[in-house]
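Content type compact mmCIF, C-alpha atoms and all ligand atoms, from the file final.txt:
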```txt
# COMPACT_ATOMS: atom_id res chain seq x y z
CA MET A 1353 127.78 -105.27 -204.07
CA ARG A 1354 125.54 -105.79 -207.10
CA ILE A 1355 128.56 -105.90 -209.41
CA VAL A 1356 129.96 -108.95 -207.65
CA GLU A 1357 126.56 -110.60 -207.42
CA SER A 1358 126.46 -110.75 -211.19
CA THR A 1359 129.41 -113.14 -211.08
CA THR A 1360 127.90 -115.48 -208.50
CA THR A 1361 125.97 -118.70 -208.72
CA SER A 1362 124.53 -120.29 -205.59
CA LEU A 1363 125.95 -118.07 -202.84
CA SER A 1364 125.02 -114.46 -202.23
CA GLY A 1365 127.33 -111.86 -203.82
CA ASN A 1366 129.00 -110.79 -200.59
CA ALA A 1367 129.69 -114.31 -199.36
CA GLN A 1368 131.01 -115.42 -202.73
CA ALA A 1369 133.22 -112.33 -202.99
CA ALA A 1370 134.59 -112.83 -199.48
CA MET A 1371 135.48 -116.44 -200.35
CA ARG A 1372 137.21 -115.49 -203.55
CA TRP A 1373 138.94 -112.21 -202.55
CA ASN A 1374 140.39 -111.22 -199.19
CA ARG A 1375 143.45 -109.13 -200.06
CA LYS A 1376 143.74 -105.44 -199.27
CA ASP A 1377 146.73 -105.08 -201.64
CA LEU A 1378 147.58 -106.07 -205.19
CA LEU A 1379 151.35 -106.39 -205.38
CA GLY A 1380 151.94 -108.95 -208.12
CA LEU A 1381 150.56 -111.95 -209.98
CA ARG A 1382 153.17 -114.29 -208.53
CA GLU A 1383 151.20 -114.61 -205.28
CA LEU A 1384 147.70 -114.79 -206.80
CA SER A 1385 145.86 -118.09 -207.22
CA VAL A 1386 144.16 -119.08 -210.46
CA ASP A 1387 140.81 -118.47 -208.76
CA GLU A 1388 141.84 -114.97 -207.66
CA ILE A 1389 143.00 -114.06 -211.18
CA ASN A 1390 139.78 -115.39 -212.68
CA PHE A 1391 137.73 -113.53 -210.10
CA ILE A 1392 139.38 -110.21 -211.05
CA LEU A 1393 138.70 -110.93 -214.73
CA GLU A 1394 135.05 -111.84 -214.01
CA THR A 1395 134.63 -108.69 -211.91
CA ALA A 1396 136.16 -106.68 -214.78
CA ASP A 1397 133.53 -108.20 -217.11
CA ALA A 1398 130.83 -106.66 -214.93
CA PHE A 1399 132.57 -103.28 -214.92
CA LYS A 1400 133.09 -103.36 -218.69
CA GLN A 1401 129.34 -103.79 -218.99
CA VAL A 1402 128.83 -100.79 -216.68
CA GLY A 1403 130.97 -98.78 -219.13
CA THR A 1404 128.39 -99.33 -221.89
CA ARG A 1405 125.57 -97.76 -219.85
CA GLU A 1406 124.48 -94.16 -220.23
CA ILE A 1407 125.49 -93.51 -216.63
CA LYS A 1408 128.91 -95.08 -216.27
CA LYS A 1409 129.40 -94.30 -212.60
CA VAL A 1410 128.68 -96.61 -209.64
CA PRO A 1411 128.78 -95.70 -205.94
CA ALA A 1412 131.02 -98.62 -204.92
CA LEU A 1413 133.88 -96.52 -203.46
CA ARG A 1414 131.90 -93.43 -202.48
CA GLY A 1415 133.55 -91.74 -199.50
CA LYS A 1416 136.94 -93.40 -200.15
CA THR A 1417 140.05 -91.47 -201.13
CA LEU A 1418 142.54 -92.79 -203.64
CA VAL A 1419 146.03 -91.37 -204.01
CA ASN A 1420 147.69 -91.94 -207.37
CA PHE A 1421 151.37 -91.71 -206.42
CA PHE A 1422 153.58 -91.97 -209.51
CA VAL A 1423 157.29 -91.62 -208.89
CA GLU A 1424 157.99 -92.69 -212.53
CA PRO A 1425 156.28 -91.32 -215.66
CA SER A 1426 153.06 -92.91 -216.93
CA THR A 1427 150.27 -92.10 -219.36
CA ARG A 1428 148.05 -95.20 -219.58
CA THR A 1429 148.27 -96.57 -216.05
CA ARG A 1430 147.94 -93.30 -214.17
CA THR A 1431 145.08 -92.03 -216.33
CA SER A 1432 143.12 -95.27 -216.21
CA PHE A 1433 143.49 -95.64 -212.44
CA GLU A 1434 142.23 -92.06 -212.09
CA LEU A 1435 139.29 -92.67 -214.42
CA ALA A 1436 138.55 -96.01 -212.74
CA ALA A 1437 138.42 -94.27 -209.35
CA PHE A 1438 136.09 -91.58 -210.70
CA ARG A 1439 133.80 -94.24 -212.16
CA LEU A 1440 133.68 -95.90 -208.72
CA SER A 1441 132.83 -92.52 -207.11
CA ALA A 1442 136.09 -92.31 -205.10
CA ASP A 1443 137.86 -89.01 -204.49
CA VAL A 1444 141.22 -88.89 -206.28
CA ILE A 1445 144.48 -87.05 -205.64
CA ASN A 1446 147.42 -87.27 -208.03
CA ILE A 1447 150.97 -86.87 -206.78
CA SER A 1448 154.13 -86.99 -208.86
CA ALA A 1449 157.71 -87.28 -207.63
CA THR A 1450 158.61 -83.79 -208.83
CA ALA A 1451 155.63 -82.19 -207.08
CA SER A 1452 156.06 -84.04 -203.77
CA SER A 1453 158.39 -83.61 -200.81
CA LEU A 1454 160.33 -86.67 -201.98
CA LYS A 1455 162.24 -83.97 -203.86
CA LYS A 1456 163.22 -82.44 -200.49
CA GLY A 1457 164.51 -85.74 -199.13
CA GLU A 1458 161.40 -87.10 -197.40
CA THR A 1459 161.40 -90.90 -197.38
CA LEU A 1460 158.79 -92.92 -199.26
CA LYS A 1461 157.57 -94.37 -195.97
CA ASP A 1462 157.11 -90.92 -194.38
CA THR A 1463 155.35 -89.64 -197.48
CA ALA A 1464 152.98 -92.60 -197.45
CA ARG A 1465 152.32 -92.36 -193.69
CA ASN A 1466 151.47 -88.68 -194.11
CA LEU A 1467 149.05 -89.54 -196.89
CA GLU A 1468 147.47 -92.14 -194.62
CA ALA A 1469 147.24 -89.55 -191.84
CA LEU A 1470 145.12 -87.57 -194.31
CA HIS A 1471 142.85 -90.67 -194.49
CA ALA A 1472 143.89 -91.98 -197.88
CA ASP A 1473 142.22 -95.38 -198.27
CA ILE A 1474 143.95 -96.62 -201.42
CA LEU A 1475 147.49 -95.86 -202.59
CA VAL A 1476 148.32 -96.64 -206.21
CA LEU A 1477 152.10 -96.61 -206.45
CA ARG A 1478 154.48 -96.62 -209.39
CA HIS A 1479 158.11 -96.66 -208.32
CA SER A 1480 161.52 -97.33 -209.85
CA SER A 1481 162.51 -99.63 -206.96
CA ALA A 1482 161.35 -103.25 -207.01
CA GLY A 1483 159.56 -104.01 -203.75
CA ALA A 1484 158.48 -100.44 -202.94
CA PRO A 1485 154.73 -101.33 -202.98
CA GLN A 1486 155.34 -104.39 -200.77
CA PHE A 1487 157.34 -102.24 -198.35
CA LEU A 1488 154.43 -99.83 -197.95
CA ALA A 1489 151.75 -102.53 -197.92
CA ASN A 1490 153.46 -104.10 -194.89
CA ARG A 1491 153.38 -100.79 -193.03
CA LEU A 1492 150.08 -99.16 -193.99
CA GLU A 1493 146.47 -99.97 -193.27
CA ALA A 1494 145.56 -98.43 -196.62
CA SER A 1495 145.23 -100.65 -199.64
CA VAL A 1496 148.38 -100.57 -201.81
CA ILE A 1497 148.14 -101.28 -205.53
CA ASN A 1498 151.34 -101.85 -207.49
CA ALA A 1499 151.25 -99.77 -210.69
CA GLY A 1500 154.71 -101.02 -211.72
CA ASP A 1501 157.79 -101.38 -209.50
CA GLY A 1502 161.20 -101.33 -211.14
CA ALA A 1503 161.80 -104.48 -213.18
CA HIS A 1504 159.69 -106.55 -210.75
CA GLU A 1505 155.94 -106.63 -211.54
CA HIS A 1506 153.16 -104.65 -213.24
CA PRO A 1507 150.14 -106.70 -212.19
CA THR A 1508 147.34 -104.61 -213.63
CA GLN A 1509 149.06 -104.52 -217.03
CA ALA A 1510 149.23 -108.32 -217.05
CA LEU A 1511 145.61 -108.57 -215.92
CA LEU A 1512 144.44 -106.32 -218.73
CA ASP A 1513 146.55 -108.35 -221.16
CA LEU A 1514 144.95 -111.58 -219.90
CA TYR A 1515 141.53 -109.95 -220.11
CA THR A 1516 142.14 -108.87 -223.71
CA ILE A 1517 143.37 -112.32 -224.79
CA ARG A 1518 140.39 -114.01 -223.12
CA GLU A 1519 137.98 -111.49 -224.69
CA LYS A 1520 139.38 -111.85 -228.21
CA ARG A 1521 140.17 -115.58 -228.24
CA GLY A 1522 137.56 -116.87 -225.78
CA LYS A 1523 140.17 -118.68 -223.68
CA ILE A 1524 143.75 -118.54 -222.44
CA ALA A 1525 144.53 -122.19 -221.70
CA GLY A 1526 146.29 -123.90 -224.59
CA LEU A 1527 147.17 -120.72 -226.50
CA HIS A 1528 150.76 -120.13 -227.58
CA VAL A 1529 151.83 -116.65 -226.41
CA ALA A 1530 155.16 -115.22 -227.55
CA ILE A 1531 156.55 -112.39 -225.43
CA ILE A 1532 159.21 -110.67 -227.48
CA GLY A 1533 161.95 -108.26 -226.49
CA ASP A 1534 163.50 -106.87 -223.38
CA ILE A 1535 162.43 -109.60 -220.94
CA LEU A 1536 165.22 -109.15 -218.39
CA PHE A 1537 164.24 -105.59 -217.48
CA SER A 1538 160.50 -105.98 -218.01
CA ARG A 1539 158.01 -105.96 -215.15
CA VAL A 1540 155.29 -106.47 -217.79
CA ALA A 1541 156.95 -109.69 -218.92
CA ARG A 1542 157.28 -111.04 -215.37
CA SER A 1543 153.65 -110.40 -214.47
CA ASN A 1544 152.49 -111.80 -217.82
CA ILE A 1545 154.56 -114.95 -217.37
CA PHE A 1546 153.08 -115.61 -213.90
CA GLY A 1547 149.52 -115.01 -215.12
CA LEU A 1548 149.73 -116.84 -218.44
CA VAL A 1549 151.45 -119.93 -217.03
CA LYS A 1550 148.91 -120.15 -214.17
CA LEU A 1551 146.03 -119.94 -216.64
CA GLY A 1552 147.48 -122.69 -218.84
CA ALA A 1553 149.01 -120.82 -221.80
CA CYS A 1554 152.17 -122.05 -223.45
CA VAL A 1555 154.65 -119.13 -223.27
CA THR A 1556 157.76 -118.57 -225.38
CA LEU A 1557 160.12 -115.71 -224.54
CA VAL A 1558 161.99 -114.33 -227.54
CA GLY A 1559 164.94 -111.94 -227.67
CA PRO A 1560 168.70 -111.65 -227.60
CA SER A 1561 170.40 -113.97 -225.08
CA THR A 1562 171.52 -110.94 -223.03
CA LEU A 1563 167.90 -109.90 -222.51
CA VAL A 1564 166.35 -113.40 -222.36
CA PRO A 1565 168.57 -115.49 -220.09
CA ARG A 1566 167.99 -119.23 -219.69
CA GLU A 1567 167.07 -118.80 -215.97
CA PHE A 1568 163.59 -117.79 -217.09
CA GLU A 1569 162.92 -121.42 -218.06
CA LYS A 1570 162.47 -122.09 -214.32
CA LEU A 1571 159.22 -120.10 -214.57
CA GLY A 1572 157.72 -122.73 -216.88
CA VAL A 1573 158.32 -120.99 -220.20
CA GLN A 1574 160.28 -121.77 -223.35
CA ILE A 1575 163.08 -119.57 -224.66
CA SER A 1576 164.04 -118.78 -228.23
CA HIS A 1577 166.56 -116.39 -229.72
CA LYS A 1578 165.13 -116.80 -233.24
CA ILE A 1579 161.91 -114.86 -233.71
CA ASP A 1580 161.18 -116.27 -237.19
CA ASN A 1581 160.95 -119.79 -235.72
CA VAL A 1582 158.33 -118.72 -233.17
CA LEU A 1583 156.00 -116.36 -235.07
CA PRO A 1584 154.24 -119.00 -237.28
CA SER A 1585 152.86 -120.95 -234.30
CA ALA A 1586 151.96 -117.99 -232.08
CA ASP A 1587 148.33 -117.23 -231.19
CA VAL A 1588 149.38 -114.00 -229.49
CA VAL A 1589 152.54 -111.92 -229.82
CA ASN A 1590 153.24 -109.38 -227.10
CA LEU A 1591 155.95 -106.94 -228.15
CA LEU A 1592 157.79 -105.24 -225.33
CA ARG A 1593 159.24 -101.78 -225.41
CA VAL A 1594 163.00 -101.52 -225.44
CA GLN A 1595 163.55 -99.89 -222.07
CA HIS A 1596 166.54 -97.66 -222.62
CA GLU A 1597 166.09 -96.14 -219.17
CA ARG A 1598 166.68 -99.47 -217.38
CA GLN A 1599 169.47 -100.91 -219.50
CA ARG A 1600 173.17 -100.93 -219.49
CA LYS A 1601 174.68 -100.70 -222.99
CA GLU A 1602 176.29 -104.14 -222.93
CA TYR A 1603 172.88 -105.87 -222.77
CA PHE A 1604 171.50 -104.26 -225.87
CA PRO A 1605 172.69 -104.77 -229.46
CA GLY A 1606 171.78 -101.25 -230.72
CA THR A 1607 168.45 -100.11 -232.10
CA GLY A 1608 169.05 -100.95 -235.79
CA GLU A 1609 170.40 -104.38 -235.02
CA TYR A 1610 167.58 -105.06 -232.55
CA THR A 1611 164.97 -104.24 -235.20
CA ARG A 1612 166.74 -106.39 -237.78
CA PHE A 1613 166.83 -109.48 -235.54
CA PHE A 1614 163.77 -109.06 -233.27
CA GLY A 1615 161.52 -106.29 -234.58
CA LEU A 1616 158.02 -107.17 -235.84
CA THR A 1617 158.58 -105.70 -239.30
CA LYS A 1618 155.98 -105.80 -242.07
CA GLU A 1619 157.85 -108.71 -243.66
CA ARG A 1620 157.93 -110.69 -240.40
CA ALA A 1621 154.26 -110.00 -239.69
CA LYS A 1622 153.47 -112.11 -242.80
CA LEU A 1623 154.71 -115.15 -240.85
CA LEU A 1624 151.89 -114.74 -238.31
CA LYS A 1625 148.66 -116.72 -238.42
CA PRO A 1626 145.81 -114.49 -239.70
CA ASP A 1627 144.07 -114.62 -236.30
CA CYS A 1628 147.21 -114.04 -234.22
CA LEU A 1629 146.73 -111.09 -231.85
CA ILE A 1630 149.39 -108.38 -231.84
CA MET A 1631 149.77 -106.78 -228.41
CA HIS A 1632 152.00 -104.13 -226.87
CA PRO A 1633 151.73 -102.61 -223.38
CA GLY A 1634 152.83 -99.16 -224.62
CA PRO A 1635 154.43 -96.78 -224.95
CA ILE A 1636 155.43 -98.00 -228.43
CA ASN A 1637 158.81 -97.30 -229.99
CA ARG A 1638 157.44 -97.20 -233.54
CA GLY A 1639 159.92 -98.63 -236.04
CA VAL A 1640 162.01 -100.29 -233.30
CA GLU A 1641 160.21 -103.29 -231.72
CA ILE A 1642 157.21 -102.97 -234.06
CA ASP A 1643 156.62 -101.45 -237.48
CA SER A 1644 154.26 -98.49 -237.37
CA GLU A 1645 151.75 -99.94 -239.88
CA VAL A 1646 151.75 -103.30 -238.09
CA ALA A 1647 151.02 -101.52 -234.80
CA ASP A 1648 147.97 -99.90 -236.40
CA GLY A 1649 146.95 -102.94 -238.50
CA LEU A 1650 143.93 -105.23 -238.31
CA GLN A 1651 145.58 -107.82 -236.05
CA SER A 1652 146.61 -105.19 -233.50
CA VAL A 1653 144.63 -105.07 -230.25
CA ILE A 1654 146.89 -102.48 -228.64
CA LEU A 1655 144.15 -99.89 -228.09
CA ASP A 1656 141.72 -102.59 -226.90
CA GLN A 1657 144.27 -103.33 -224.20
CA VAL A 1658 144.11 -99.70 -223.09
CA THR A 1659 140.29 -99.73 -223.07
CA ASN A 1660 140.23 -102.96 -221.07
CA GLY A 1661 142.66 -101.47 -218.58
CA LEU A 1662 139.86 -99.28 -217.28
CA ALA A 1663 137.51 -102.18 -216.44
CA VAL A 1664 140.35 -104.24 -214.97
CA ARG A 1665 141.54 -101.37 -212.77
CA MET A 1666 137.98 -100.69 -211.65
CA ALA A 1667 137.77 -104.35 -210.61
CA VAL A 1668 141.08 -104.19 -208.71
CA LEU A 1669 140.17 -100.96 -206.90
CA TYR A 1670 136.72 -102.30 -206.08
CA LEU A 1671 138.02 -105.60 -204.68
CA CYS A 1672 141.05 -104.27 -202.74
CA GLY A 1673 139.35 -101.02 -201.70
CA GLY A 1674 136.41 -103.00 -200.33
CA ILE A 1675 138.73 -105.10 -198.17
CA ALA A 1676 140.96 -102.28 -196.89
CA ASN A 1677 138.64 -101.00 -194.19
CA THR A 1678 136.52 -104.06 -193.38
N1 LIG A 1701 151.87 -99.83 -220.11
C1 LIG A 1701 152.15 -98.85 -219.24
O1 LIG A 1701 152.45 -99.08 -218.07
O2 LIG A 1701 152.10 -97.60 -219.79
P1 LIG A 1701 152.35 -96.25 -218.96
O3 LIG A 1701 153.82 -96.24 -218.59
O4 LIG A 1701 151.99 -95.13 -219.89
O5 LIG A 1701 151.51 -96.28 -217.73
```
Take the structure in the file and write it out as structure tokens.
Amino acid sequence: MRIVESTTTSLSGNAQAAMRWNRKDLLGLRELSVDEINFILETADAFKQVGTREIKKVPALRGKTLVNFFVEPSTRTRTSFELAAFRLSADVINISATASSLKKGETLKDTARNLEALHADILVLRHSSAGAPQFLANRLEASVINAGDGAHEHPTQALLDLYTIREKRGKIAGLHVAIIGDILFSRVARSNIFGLVKLGACVTLVGPSTLVPREFEKLGVQISHKIDNVLPSADVVNLLRVQHERQRKEYFPGTGEYTRFFGLTKERAKLLKPDCLIMHPGPINRGVEIDSEVADGLQSVILDQVTNGLAVRMAVLYLCGGIANT
């Protein structure tokens, strides 16, 4: 438990960790307290430091088995969970929908129970149905980590976004964060809203009224349908991918029109403050929600987000995986 000890003050590492983290699952940011979110970020700090050492591996999850179960496609999340597990010395198995017996009609619950019968300790699940991770977490002893469920939540993406903002700006409270695009269908937006509002950021959601309905104001955010009014005061802009796979046509104005009204073009990027961070969870639709040069420009921290995802996912696996069998 030396990693956690580095985040402690008066209490011993184990006692402090037990007080600040007692969940076997990570399902969303909605249910996490400010202290729990901060504890994950502090634990990620320690793991980021481990990543700078010559030997980047720690024995924290030695003997544990992690199943990466991705029923939807993924590059960043799946790869970084796998690498995070390797760095923590866990054994890792990857399963995709096409290569599993889900294809033959086996239920998700039966698949997961069979994986548990093979002594899987941690199940990282990406699924197209909102609530699938919660469903399994209620039925399994194994730790369940939500790697994105439908349009519901993507907690580790939001945690790595929070981590990146905190790292680059030194704080989150008081910053103005604009989340721009397809909010209605975005699990990234939901998790970011819960995390940012809890940590004291001022959040504005920007997009067409079909994709940014007024109901979101109940979550403690502001809404705007005019991007040019929001960009000059933003400290962070987080551009969301237009999710063609989740949308019905009537919600979406068409790619060209979307770019004209809501895309972060080169011209629009000039409205940003020089120190405004440009973020995107990926994958990027270059030339649609963000201009290609802007995505690769000096204000972009998009690849830093990916790098930070490794430390954040190590922290999540370490904390939840440590609870699962205690
Ligand atoms: N941001 C994100 O979830 O990317 P992947 O779909 O590649 O995992």
Practice prompt. Write out as a VMD selection string which residues come within 7 Å of range 1606-1621 of chain A when counting all atoms listed in the file, dropping same-chain ones fewer than 6 positions away.
Written response: chain A and resid 1559 1579 1640 to 1643 1646
Discussion item. As a count of residues only, please: every protein or nucleic acid residue near ligand LIG 1701 (chain A) (cut-off 12 Å, counting only C-alpha atoms and all ligand atoms).
Written reply: 56
Worksheet, complete the sentence: Pairwise distance, CA of Ile1389 in chain A with CA of Ser1652 in chain A, equals 24.3 Å
Discussion item. Show me the residues close to (153.5, -121.3, -237.3) - anything with an atom within 8 Å, counting all atoms listed in the file - and format the list as a VMD selection string.
Written reply: chain A and resid 1581 to 1586 1623 to 1625
Practice prompt. Measure the distance from CA of Arg1521 in chain A to CA of Ile1392 in chain A in Å and round it to one decimal.
Written response: 18.0 Å
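Take CA of Asp1656 in chain A and CA of Asp1377 in chain A: the distance between them is 25.9 Å.
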Discussion item. Applying 8 Å and all atoms listed in the file, which residues near Arg1414 in chain A remain after dropping the ones on its own chain fewer than 3 positions away? List them as a ChimeraX atom specification.
Written reply: /A:1411,1440-1443
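The shortest atom-to-atom distance to Asp1462 in chain A, with only C-alpha atoms taken into account, belongs to A:Leu1488 out of A:Leu1571, A:Leu1488, A:Ala1553, A:Leu1662.
Near Val1529 in chain A, within 9 Å and counting all atoms listed in the file, sit Leu1548, Ala1553, Cys1554, Val1555, Thr1556, Leu1557, Ala1586, Asp1587, Val1588, Val1589 and Asn1590 of chain A; same-chain residues fewer than 5 positions away were not included.
For the choices A:Ala1451, A:Leu1669, A:Val1386, A:Ala1464, the atom-to-atom distance to Lys1550 in chain A is smallest for A:Val1386 when using only C-alpha atoms.
Proximity of A:Leu1413, A:Leu1454, A:Val1653, A:Leu1393 to Ile1524 in chain A, computed with all atoms listed in the file, is greatest for A:Leu1393.
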Worksheet item: Which one is closest to Leu1650 in chain A: A:Leu1629, A:Ala1369, A:Ala1663, A:Ala1525? Count only C-alpha atoms.
Response: A:Leu1629
Worksheet, complete the sentence: Shortest contact to Gly1547 in chain A, candidates A:Arg1405, A:Lys1416, A:Arg1382, A:Arg1638, atoms counted all atoms listed in the file, goes to A:Arg1382
Axis-aligned box for range 1512-1518 of chain A, 6 Å per side, centre and edges in Å as lines of an AutoDock Vina configuration file:
```
center_x = 143.5
center_y = -110.2
center_z = -221.8
size_x = 18.2
size_y = 19.7
size_z = 18.1
```
Worksheet item: Using only C-alpha atoms, which of the listed residues (A:Asn1660, A:Ser1385, A:Ser1495, A:Asn1466) sits closest to Gly1674 in chain A?
Response: A:Ser1495
